Amino acid sequence: MTSTALNSLAKRKRERVYLRVVKGGLEPADSYAATQLRTKNYRVGDVLGASLTKLRNPKFNRLVHKIGQLCAANIDAFIGMDAHKVIKRLQLEGDICCEALAIVMPGVGMVTVKIPQSISFESMDEAEFYEVAKALCWHIAARYWPGMDEDKIEQMAMAFVDE
C-alpha cells in the first residue's frame, strides 16, 4: 500500500455502532447497530477494541441551539446571525472549547489564533457538553446581560427547548 493510501485510511472516520449496557455486558442499541455488527464479520468470542462514551441527552443539544437563538433574538450584537454562528462567536469571545494555533506571520511574528472546536453530538459526552453550555451562559451574563446570572440564562433557553 502506498503512503498516500495509508494516510487516507488513517484519516477515514470510523463508523460508530451504538451499544446499550445490559446486566453483565453490552448489546446493540438498535436494529441498525445489530446489522452493522453482523456485516463486519464479528464472531462470538472475537476481541474488539472500543472507546466508550455515554451519549448525551438530545435535550442538551437543543439547549445550546436555543441559547444561540435566544442571543440572536435579544442581543443587538447577534442580530441577523443564525444560532450556530452565535455559538461559535461566543466560544471565541469566551475562549470556551477553543484550540490555540500559533501562526508565524511575515513582518508580524508569532500570532496565536483561537479556533472554536466542535461541540457536536458526536464530539463530546454529556458532562463535557454541559460544562460548555454553562460556560456559554456565564459568558453571556458577564458580557451582554450583567443583570442576570448564568442560571437565569440557562432557564430562559430551557423554556424553549421542548417547543
# chains A, B, ... in the order shown; residues from 1 in each chain; ligands from 1
call {"tool": "select_by_dssp", "arguments": {"residues": "chain A", "states": "strand (DSSP E)", "output": "ChimeraX atom specification"}}
result
/A:19-22,25-28,98-105,109-116
call {"tool": "write_last_selection", "arguments": {"atoms": "C-alpha atoms", "output": "short mmCIF file (atom, residue, chain, number, x, y, z; two decimals), in the first residue's frame"}}
result
data_model
loop_
_atom_site.label_atom_id
_atom_site.label_comp_id
_atom_site.auth_asym_id
_atom_site.auth_seq_id
_atom_site.Cartn_x
_atom_site.Cartn_y
_atom_site.Cartn_z
CA LEU A 19 -24.39 -0.28 22.29
CA ARG A 20 -26.67 -0.48 25.30
CA VAL A 21 -25.45 -1.61 28.72
CA VAL A 22 -27.20 -4.77 29.93
CA GLY A 25 -22.41 -6.84 29.03
CA LEU A 26 -23.27 -4.72 26.02
CA GLU A 27 -25.79 -5.32 23.25
CA PRO A 28 -26.62 -3.45 20.03
CA CYS A 98 -11.21 26.61 21.69
CA GLU A 99 -7.87 25.36 20.42
CA ALA A 100 -4.93 27.77 20.20
CA LEU A 101 -2.93 27.68 16.99
CA ALA A 102 0.39 29.54 16.66
CA ILE A 103 0.99 31.06 13.23
CA VAL A 104 4.10 32.90 12.05
CA MET A 105 3.10 35.97 10.06
CA GLY A 109 5.94 37.40 14.09
CA MET A 110 4.18 34.69 16.04
CA VAL A 111 0.42 35.16 16.34
CA THR A 112 -1.90 32.94 18.33
CA VAL A 113 -5.27 32.23 16.77
CA LYS A 114 -8.20 30.65 18.62
CA ILE A 115 -10.28 28.09 16.75
CA PRO A 116 -13.62 27.06 18.25
#
call {"tool": "residues_around", "arguments": {"residues": "region 50-65 of chain A", "least_positions_apart": "3", "cutoff": "12 Å", "atoms": "only C-alpha atoms", "output": "tab-separated table (two decimals) with N, CA, C and O atoms, in the first residue's frame"}}
result
chain	number	residue	atom	x	y	z
A	14	ARG	N	-14.08	6.29	11.44
A	14	ARG	CA	-14.70	5.00	11.70
A	14	ARG	C	-16.16	5.20	12.04
A	14	ARG	O	-16.53	6.10	12.78
A	15	GLU	N	-16.98	4.33	11.48
A	15	GLU	CA	-18.41	4.39	11.78
A	15	GLU	C	-18.63	3.93	13.22
A	15	GLU	O	-18.02	2.98	13.69
A	16	ARG	N	-19.50	4.64	13.91
A	16	ARG	CA	-19.78	4.28	15.29
A	16	ARG	C	-20.99	3.36	15.34
A	16	ARG	O	-21.95	3.54	14.61
A	17	VAL	N	-20.91	2.37	16.19
A	17	VAL	CA	-22.01	1.46	16.44
A	17	VAL	C	-22.40	1.67	17.90
A	17	VAL	O	-21.58	1.58	18.80
A	18	TYR	N	-23.67	1.95	18.13
A	18	TYR	CA	-24.12	2.26	19.48
A	18	TYR	C	-24.56	0.99	20.20
A	18	TYR	O	-25.26	0.15	19.64
A	19	LEU	N	-24.11	0.89	21.46
A	19	LEU	CA	-24.39	-0.28	22.29
A	19	LEU	C	-25.13	0.17	23.54
A	19	LEU	O	-24.98	1.29	24.00
A	20	ARG	N	-25.93	-0.74	24.07
A	20	ARG	CA	-26.67	-0.48	25.30
A	20	ARG	C	-26.09	-1.38	26.39
A	20	ARG	O	-25.80	-2.55	26.15
A	21	VAL	N	-25.95	-0.83	27.59
A	21	VAL	CA	-25.45	-1.61	28.72
A	21	VAL	C	-26.58	-2.51	29.22
A	21	VAL	O	-27.70	-2.05	29.45
A	26	LEU	N	-22.78	-5.73	26.95
A	26	LEU	CA	-23.27	-4.72	26.02
A	26	LEU	C	-24.03	-5.41	24.91
A	26	LEU	O	-23.68	-6.53	24.52
A	29	ALA	N	-27.68	-1.29	20.35
A	29	ALA	CA	-28.71	-0.38	20.85
A	29	ALA	C	-29.97	-0.40	20.00
A	29	ALA	O	-31.04	-0.07	20.47
A	47	VAL	N	-12.32	-10.56	20.04
A	47	VAL	CA	-11.95	-9.48	20.95
A	47	VAL	C	-11.90	-8.20	20.12
A	47	VAL	O	-11.21	-8.14	19.11
A	68	GLY	N	-28.19	29.95	21.43
A	68	GLY	CA	-27.82	30.74	20.25
A	68	GLY	C	-29.00	31.53	19.71
A	68	GLY	O	-28.87	32.71	19.37
A	69	GLN	N	-30.17	30.90	19.63
A	69	GLN	CA	-31.37	31.59	19.15
A	69	GLN	C	-31.78	32.73	20.10
A	69	GLN	O	-32.18	33.81	19.65
A	70	LEU	N	-31.68	32.48	21.40
A	70	LEU	CA	-32.02	33.48	22.39
A	70	LEU	C	-31.14	34.73	22.21
A	70	LEU	O	-31.64	35.86	22.22
A	71	CYS	N	-29.85	34.52	21.99
A	71	CYS	CA	-28.93	35.64	21.79
A	71	CYS	C	-29.23	36.37	20.48
A	71	CYS	O	-29.23	37.60	20.43
A	72	ALA	N	-29.47	35.62	19.41
A	72	ALA	CA	-29.74	36.22	18.10
A	72	ALA	C	-31.00	37.08	18.14
A	72	ALA	O	-31.07	38.12	17.47
A	82	ASP	N	-27.41	33.25	12.58
A	82	ASP	CA	-28.11	32.02	12.97
A	82	ASP	C	-27.50	31.49	14.27
A	82	ASP	O	-26.43	31.93	14.71
A	83	ALA	N	-28.18	30.56	14.90
A	83	ALA	CA	-27.78	30.05	16.22
A	83	ALA	C	-26.36	29.47	16.20
A	83	ALA	O	-25.59	29.69	17.13
A	84	HIS	N	-26.01	28.75	15.14
A	84	HIS	CA	-24.68	28.13	15.05
A	84	HIS	C	-23.58	29.20	15.06
A	84	HIS	O	-22.59	29.08	15.78
A	85	LYS	N	-23.77	30.24	14.27
A	85	LYS	CA	-22.76	31.31	14.21
A	85	LYS	C	-22.66	32.05	15.54
A	85	LYS	O	-21.57	32.45	15.96
A	86	VAL	N	-23.79	32.23	16.20
A	86	VAL	CA	-23.78	32.87	17.52
A	86	VAL	C	-22.95	32.04	18.49
A	86	VAL	O	-22.09	32.57	19.21
A	87	ILE	N	-23.18	30.73	18.51
A	87	ILE	CA	-22.44	29.85	19.44
A	87	ILE	C	-20.95	29.89	19.14
A	87	ILE	O	-20.12	29.98	20.05
A	88	LYS	N	-20.56	29.83	17.87
A	88	LYS	CA	-19.14	29.87	17.51
A	88	LYS	C	-18.51	31.19	17.96
A	88	LYS	O	-17.39	31.22	18.45
A	90	LEU	N	-19.58	33.14	20.44
A	90	LEU	CA	-19.49	33.10	21.90
A	90	LEU	C	-18.32	32.24	22.36
A	90	LEU	O	-17.62	32.60	23.33
A	91	GLN	N	-18.09	31.13	21.67
A	91	GLN	CA	-16.95	30.29	22.01
A	91	GLN	C	-15.65	31.09	21.88
A	91	GLN	O	-14.78	31.02	22.75
A	119	ILE	N	-18.65	21.18	19.07
A	119	ILE	CA	-19.36	20.70	20.26
A	119	ILE	C	-20.54	19.84	19.82
A	119	ILE	O	-21.54	19.73	20.51
A	120	SER	N	-20.36	19.21	18.67
A	120	SER	CA	-21.42	18.38	18.09
A	120	SER	C	-21.74	17.20	18.99
A	120	SER	O	-20.97	16.84	19.89
A	121	PHE	N	-22.85	16.57	18.70
A	121	PHE	CA	-23.34	15.42	19.45
A	121	PHE	C	-22.26	14.33	19.56
A	121	PHE	O	-22.09	13.71	20.60
A	122	GLU	N	-21.53	14.12	18.48
A	122	GLU	CA	-20.53	13.06	18.42
A	122	GLU	C	-19.21	13.42	19.11
A	122	GLU	O	-18.42	12.55	19.41
A	123	SER	N	-18.96	14.72	19.31
A	123	SER	CA	-17.61	15.14	19.70
A	123	SER	C	-17.33	15.12	21.19
A	123	SER	O	-16.17	15.15	21.58
A	124	MET	N	-18.35	15.10	22.03
A	124	MET	CA	-18.10	15.09	23.47
A	124	MET	C	-19.27	14.47	24.22
A	124	MET	O	-20.38	14.42	23.70
A	125	ASP	N	-18.97	14.02	25.42
A	125	ASP	CA	-20.03	13.39	26.20
A	125	ASP	C	-20.88	14.43	26.93
A	125	ASP	O	-20.62	15.64	26.84
A	126	GLU	N	-21.88	13.97	27.64
A	126	GLU	CA	-22.86	14.86	28.26
A	126	GLU	C	-22.24	15.77	29.31
A	126	GLU	O	-22.55	16.97	29.37
A	127	ALA	N	-21.35	15.25	30.14
A	127	ALA	CA	-20.74	16.07	31.20
A	127	ALA	C	-19.90	17.20	30.60
A	127	ALA	O	-20.00	18.36	31.04
A	128	GLU	N	-19.09	16.89	29.61
A	128	GLU	CA	-18.28	17.92	28.95
A	128	GLU	C	-19.17	18.97	28.29
A	128	GLU	O	-18.93	20.17	28.39
A	129	PHE	N	-20.20	18.49	27.60
A	129	PHE	CA	-21.10	19.38	26.88
A	129	PHE	C	-21.83	20.32	27.83
A	129	PHE	O	-22.00	21.50	27.56
A	130	TYR	N	-22.25	19.80	28.98
A	130	TYR	CA	-22.95	20.62	29.96
A	130	TYR	C	-22.03	21.71	30.49
A	130	TYR	O	-22.47	22.84	30.70
A	131	GLU	N	-20.76	21.39	30.68
A	131	GLU	CA	-19.79	22.39	31.13
A	131	GLU	C	-19.64	23.50	30.09
A	131	GLU	O	-19.54	24.68	30.43
A	132	VAL	N	-19.63	23.13	28.82
A	132	VAL	CA	-19.57	24.13	27.74
A	132	VAL	C	-20.82	25.00	27.77
A	132	VAL	O	-20.73	26.24	27.67
A	133	ALA	N	-21.99	24.40	27.90
A	133	ALA	CA	-23.24	25.16	27.94
A	133	ALA	C	-23.24	26.14	29.12
A	133	ALA	O	-23.63	27.30	28.96
A	134	LYS	N	-22.80	25.69	30.29
A	134	LYS	CA	-22.73	26.57	31.46
A	134	LYS	C	-21.75	27.72	31.23
A	134	LYS	O	-22.02	28.86	31.59
A	135	ALA	N	-20.61	27.43	30.61
A	135	ALA	CA	-19.62	28.46	30.32
A	135	ALA	C	-20.17	29.49	29.34
A	135	ALA	O	-19.92	30.70	29.49
A	136	LEU	N	-20.92	29.04	28.34
A	136	LEU	CA	-21.55	29.96	27.39
A	136	LEU	C	-22.52	30.88	28.12
A	136	LEU	O	-22.52	32.10	27.90
A	137	CYS	N	-23.35	30.31	28.99
A	137	CYS	CA	-24.31	31.11	29.75
A	137	CYS	C	-23.59	32.12	30.66
A	137	CYS	O	-24.00	33.28	30.78
A	153	ILE	N	-30.08	32.57	32.47
A	153	ILE	CA	-29.96	32.45	31.01
A	153	ILE	C	-30.25	31.01	30.58
A	153	ILE	O	-30.98	30.77	29.63
A	154	GLU	N	-29.72	30.06	31.33
A	154	GLU	CA	-29.99	28.65	31.02
A	154	GLU	C	-31.49	28.35	31.15
A	154	GLU	O	-32.07	27.67	30.30
A	155	GLN	N	-32.14	28.88	32.18
A	155	GLN	CA	-33.57	28.66	32.38
A	155	GLN	C	-34.38	29.25	31.22
A	155	GLN	O	-35.34	28.64	30.76
A	156	MET	N	-33.99	30.45	30.76
A	156	MET	CA	-34.70	31.06	29.63
A	156	MET	C	-34.58	30.18	28.39
A	156	MET	O	-35.56	29.95	27.68
A	157	ALA	N	-33.38	29.68	28.12
A	157	ALA	CA	-33.17	28.82	26.95
A	157	ALA	C	-33.93	27.49	27.12
A	157	ALA	O	-34.55	27.01	26.17
A	158	MET	N	-33.90	26.91	28.33
A	158	MET	CA	-34.57	25.63	28.57
A	158	MET	C	-36.08	25.75	28.36
A	158	MET	O	-36.73	24.79	27.95
A	159	ALA	N	-36.63	26.93	28.61
A	159	ALA	CA	-38.07	27.12	28.43
A	159	ALA	C	-38.48	26.92	26.99
A	159	ALA	O	-39.62	26.57	26.70
A	160	PHE	N	-37.55	27.09	26.08
A	160	PHE	CA	-37.85	26.95	24.65
A	160	PHE	C	-37.40	25.61	24.06
A	160	PHE	O	-37.64	25.33	22.90
A	161	VAL	N	-36.73	24.78	24.83
A	161	VAL	CA	-36.16	23.53	24.33
A	161	VAL	C	-37.21	22.58	23.79
A	161	VAL	O	-37.04	21.99	22.73
A	162	ASP	N	-38.31	22.44	24.46
A	162	ASP	CA	-39.32	21.46	24.05
A	162	ASP	C	-40.32	22.01	23.03
A	162	ASP	O	-41.27	21.33	22.68
A	163	GLU	N	-40.12	23.24	22.57
A	163	GLU	CA	-41.04	23.81	21.58
A	163	GLU	C	-40.93	23.10	20.25
A	163	GLU	O	-39.94	22.65	19.84
call {"tool": "atom_distance", "arguments": {"atom1": "CA of Gln117 (chain A)", "atom2": "CA of Ile96 (chain A)"}}
result
8.7 Å
call {"tool": "select_by_dssp", "arguments": {"residues": "region 13-130 of chain A", "states": "alpha helix (DSSP H)", "output": "PyMOL selection string"}}
result
chain A and resi 31-39+58-74+83-94+126-130
call {"tool": "atom_distance", "arguments": {"atom1": "CA of Gln36 (chain A)", "atom2": "CA of Gly49 (chain A)"}}
result
15.6 Å
call {"tool": "atom_distance", "arguments": {"atom1": "CA of Cys97 (chain A)", "atom2": "CA of Gly80 (chain A)"}}
result
23.9 Å
call {"tool": "closest_residue", "arguments": {"among": "A:Ala73, A:Lys66, A:Trp138, A:Val108", "to": "Asp95 (chain A)", "atoms": "only C-alpha atoms"}}
result
A:Trp138
call {"tool": "decode", "arguments": {"residues": "region 28-59 of chain A", "atoms": "N, CA, C and O atoms", "output": "PDB file, in the first residue's frame"}}
result
ATOM      1  N   PRO A  28     -26.311  -4.503  21.003  1.00  0.00           N
ATOM      2  CA  PRO A  28     -26.616  -3.452  20.030  1.00  0.00           C
ATOM      3  C   PRO A  28     -27.795  -2.609  20.519  1.00  0.00           C
ATOM      4  O   PRO A  28     -28.778  -3.132  21.030  1.00  0.00           O
ATOM      5  N   ALA A  29     -27.677  -1.289  20.352  1.00  0.00           N
ATOM      6  CA  ALA A  29     -28.708  -0.381  20.850  1.00  0.00           C
ATOM      7  C   ALA A  29     -29.966  -0.404  19.995  1.00  0.00           C
ATOM      8  O   ALA A  29     -31.043  -0.073  20.473  1.00  0.00           O
ATOM      9  N   ASP A  30     -29.838  -0.803  18.726  1.00  0.00           N
ATOM     10  CA  ASP A  30     -30.988  -0.826  17.820  1.00  0.00           C
ATOM     11  C   ASP A  30     -30.707  -1.798  16.678  1.00  0.00           C
ATOM     12  O   ASP A  30     -29.635  -2.406  16.608  1.00  0.00           O
ATOM     13  N   SER A  31     -31.679  -1.948  15.787  1.00  0.00           N
ATOM     14  CA  SER A  31     -31.520  -2.914  14.695  1.00  0.00           C
ATOM     15  C   SER A  31     -30.416  -2.499  13.730  1.00  0.00           C
ATOM     16  O   SER A  31     -29.721  -3.346  13.171  1.00  0.00           O
ATOM     17  N   TYR A  32     -30.208  -1.209  13.549  1.00  0.00           N
ATOM     18  CA  TYR A  32     -29.128  -0.742  12.678  1.00  0.00           C
ATOM     19  C   TYR A  32     -27.775  -1.188  13.242  1.00  0.00           C
ATOM     20  O   TYR A  32     -26.925  -1.693  12.515  1.00  0.00           O
ATOM     21  N   ALA A  33     -27.584  -1.022  14.549  1.00  0.00           N
ATOM     22  CA  ALA A  33     -26.325  -1.426  15.179  1.00  0.00           C
ATOM     23  C   ALA A  33     -26.124  -2.936  15.060  1.00  0.00           C
ATOM     24  O   ALA A  33     -25.016  -3.407  14.786  1.00  0.00           O
ATOM     25  N   ALA A  34     -27.190  -3.697  15.246  1.00  0.00           N
ATOM     26  CA  ALA A  34     -27.090  -5.156  15.120  1.00  0.00           C
ATOM     27  C   ALA A  34     -26.671  -5.547  13.705  1.00  0.00           C
ATOM     28  O   ALA A  34     -25.800  -6.417  13.516  1.00  0.00           O
ATOM     29  N   THR A  35     -27.248  -4.902  12.705  1.00  0.00           N
ATOM     30  CA  THR A  35     -26.887  -5.179  11.312  1.00  0.00           C
ATOM     31  C   THR A  35     -25.429  -4.832  11.062  1.00  0.00           C
ATOM     32  O   THR A  35     -24.704  -5.593  10.404  1.00  0.00           O
ATOM     33  N   GLN A  36     -24.991  -3.690  11.563  1.00  0.00           N
ATOM     34  CA  GLN A  36     -23.602  -3.274  11.365  1.00  0.00           C
ATOM     35  C   GLN A  36     -22.635  -4.293  11.973  1.00  0.00           C
ATOM     36  O   GLN A  36     -21.623  -4.624  11.378  1.00  0.00           O
ATOM     37  N   LEU A  37     -22.960  -4.801  13.141  1.00  0.00           N
ATOM     38  CA  LEU A  37     -22.085  -5.788  13.776  1.00  0.00           C
ATOM     39  C   LEU A  37     -22.049  -7.089  12.982  1.00  0.00           C
ATOM     40  O   LEU A  37     -20.995  -7.718  12.844  1.00  0.00           O
ATOM     41  N   ARG A  38     -23.195  -7.504  12.421  1.00  0.00           N
ATOM     42  CA  ARG A  38     -23.226  -8.734  11.617  1.00  0.00           C
ATOM     43  C   ARG A  38     -22.436  -8.578  10.317  1.00  0.00           C
ATOM     44  O   ARG A  38     -21.741  -9.482   9.898  1.00  0.00           O
ATOM     45  N   THR A  39     -22.556  -7.432   9.664  1.00  0.00           N
ATOM     46  CA  THR A  39     -21.910  -7.253   8.360  1.00  0.00           C
ATOM     47  C   THR A  39     -20.405  -7.062   8.470  1.00  0.00           C
ATOM     48  O   THR A  39     -19.705  -7.149   7.470  1.00  0.00           O
ATOM     49  N   LYS A  40     -19.899  -6.825   9.653  1.00  0.00           N
ATOM     50  CA  LYS A  40     -18.450  -6.660   9.849  1.00  0.00           C
ATOM     51  C   LYS A  40     -17.755  -8.001  10.109  1.00  0.00           C
ATOM     52  O   LYS A  40     -16.568  -8.036  10.382  1.00  0.00           O
ATOM     53  N   ASN A  41     -18.507  -9.061  10.061  1.00  0.00           N
ATOM     54  CA  ASN A  41     -17.965 -10.406  10.276  1.00  0.00           C
ATOM     55  C   ASN A  41     -17.381 -10.611  11.672  1.00  0.00           C
ATOM     56  O   ASN A  41     -16.427 -11.352  11.848  1.00  0.00           O
ATOM     57  N   TYR A  42     -17.935  -9.947  12.667  1.00  0.00           N
ATOM     58  CA  TYR A  42     -17.536 -10.218  14.039  1.00  0.00           C
ATOM     59  C   TYR A  42     -18.209 -11.510  14.469  1.00  0.00           C
ATOM     60  O   TYR A  42     -19.344 -11.783  14.138  1.00  0.00           O
ATOM     61  N   ARG A  43     -17.490 -12.300  15.190  1.00  0.00           N
ATOM     62  CA  ARG A  43     -17.994 -13.595  15.655  1.00  0.00           C
ATOM     63  C   ARG A  43     -17.969 -13.650  17.172  1.00  0.00           C
ATOM     64  O   ARG A  43     -17.169 -12.971  17.820  1.00  0.00           O
ATOM     65  N   VAL A  44     -18.809 -14.491  17.736  1.00  0.00           N
ATOM     66  CA  VAL A  44     -18.805 -14.705  19.181  1.00  0.00           C
ATOM     67  C   VAL A  44     -17.409 -15.143  19.581  1.00  0.00           C
ATOM     68  O   VAL A  44     -16.812 -16.021  18.960  1.00  0.00           O
ATOM     69  N   GLY A  45     -16.862 -14.501  20.574  1.00  0.00           N
ATOM     70  CA  GLY A  45     -15.516 -14.806  21.042  1.00  0.00           C
ATOM     71  C   GLY A  45     -14.459 -13.856  20.504  1.00  0.00           C
ATOM     72  O   GLY A  45     -13.342 -13.821  21.033  1.00  0.00           O
ATOM     73  N   ASP A  46     -14.770 -13.075  19.435  1.00  0.00           N
ATOM     74  CA  ASP A  46     -13.806 -12.085  18.929  1.00  0.00           C
ATOM     75  C   ASP A  46     -13.537 -11.052  20.011  1.00  0.00           C
ATOM     76  O   ASP A  46     -14.419 -10.694  20.794  1.00  0.00           O
ATOM     77  N   VAL A  47     -12.320 -10.555  20.041  1.00  0.00           N
ATOM     78  CA  VAL A  47     -11.954  -9.478  20.947  1.00  0.00           C
ATOM     79  C   VAL A  47     -11.899  -8.198  20.118  1.00  0.00           C
ATOM     80  O   VAL A  47     -11.205  -8.136  19.105  1.00  0.00           O
ATOM     81  N   LEU A  48     -12.663  -7.186  20.525  1.00  0.00           N
ATOM     82  CA  LEU A  48     -12.738  -5.927  19.802  1.00  0.00           C
ATOM     83  C   LEU A  48     -12.210  -4.799  20.673  1.00  0.00           C
ATOM     84  O   LEU A  48     -12.366  -4.825  21.890  1.00  0.00           O
ATOM     85  N   GLY A  49     -11.628  -3.792  20.053  1.00  0.00           N
ATOM     86  CA  GLY A  49     -11.217  -2.591  20.771  1.00  0.00           C
ATOM     87  C   GLY A  49     -12.332  -1.572  20.671  1.00  0.00           C
ATOM     88  O   GLY A  49     -13.012  -1.482  19.658  1.00  0.00           O
ATOM     89  N   ALA A  50     -12.523  -0.802  21.715  1.00  0.00           N
ATOM     90  CA  ALA A  50     -13.595   0.190  21.685  1.00  0.00           C
ATOM     91  C   ALA A  50     -13.234   1.382  22.562  1.00  0.00           C
ATOM     92  O   ALA A  50     -12.474   1.267  23.512  1.00  0.00           O
ATOM     93  N   SER A  51     -13.774   2.499  22.200  1.00  0.00           N
ATOM     94  CA  SER A  51     -13.690   3.699  23.018  1.00  0.00           C
ATOM     95  C   SER A  51     -15.127   4.036  23.399  1.00  0.00           C
ATOM     96  O   SER A  51     -15.931   4.386  22.537  1.00  0.00           O
ATOM     97  N   LEU A  52     -15.458   3.886  24.661  1.00  0.00           N
ATOM     98  CA  LEU A  52     -16.842   4.047  25.095  1.00  0.00           C
ATOM     99  C   LEU A  52     -17.079   5.442  25.656  1.00  0.00           C
ATOM    100  O   LEU A  52     -16.295   5.945  26.462  1.00  0.00           O
ATOM    101  N   THR A  53     -18.148   6.066  25.214  1.00  0.00           N
ATOM    102  CA  THR A  53     -18.594   7.340  25.755  1.00  0.00           C
ATOM    103  C   THR A  53     -20.096   7.260  25.945  1.00  0.00           C
ATOM    104  O   THR A  53     -20.789   6.591  25.183  1.00  0.00           O
ATOM    105  N   LYS A  54     -20.570   7.926  26.963  1.00  0.00           N
ATOM    106  CA  LYS A  54     -22.008   7.966  27.186  1.00  0.00           C
ATOM    107  C   LYS A  54     -22.556   9.073  26.306  1.00  0.00           C
ATOM    108  O   LYS A  54     -22.166  10.236  26.429  1.00  0.00           O
ATOM    109  N   LEU A  55     -23.447   8.705  25.392  1.00  0.00           N
ATOM    110  CA  LEU A  55     -24.046   9.703  24.515  1.00  0.00           C
ATOM    111  C   LEU A  55     -24.863  10.669  25.350  1.00  0.00           C
ATOM    112  O   LEU A  55     -25.463  10.294  26.348  1.00  0.00           O
ATOM    113  N   ARG A  56     -24.873  11.895  24.915  1.00  0.00           N
ATOM    114  CA  ARG A  56     -25.593  12.881  25.708  1.00  0.00           C
ATOM    115  C   ARG A  56     -27.065  12.938  25.331  1.00  0.00           C
ATOM    116  O   ARG A  56     -27.472  12.522  24.255  1.00  0.00           O
ATOM    117  N   ASN A  57     -27.802  13.487  26.232  1.00  0.00           N
ATOM    118  CA  ASN A  57     -29.224  13.652  26.072  1.00  0.00           C
ATOM    119  C   ASN A  57     -29.482  14.643  24.928  1.00  0.00           C
ATOM    120  O   ASN A  57     -28.953  15.755  24.948  1.00  0.00           O
ATOM    121  N   PRO A  58     -30.275  14.275  23.929  1.00  0.00           N
ATOM    122  CA  PRO A  58     -30.552  15.200  22.822  1.00  0.00           C
ATOM    123  C   PRO A  58     -31.139  16.530  23.289  1.00  0.00           C
ATOM    124  O   PRO A  58     -30.995  17.543  22.624  1.00  0.00           O
ATOM    125  N   LYS A  59     -31.761  16.545  24.459  1.00  0.00           N
ATOM    126  CA  LYS A  59     -32.315  17.784  25.005  1.00  0.00           C
ATOM    127  C   LYS A  59     -31.194  18.815  25.212  1.00  0.00           C
ATOM    128  O   LYS A  59     -31.395  20.003  24.992  1.00  0.00           O
TER     129      LYS A  59
END
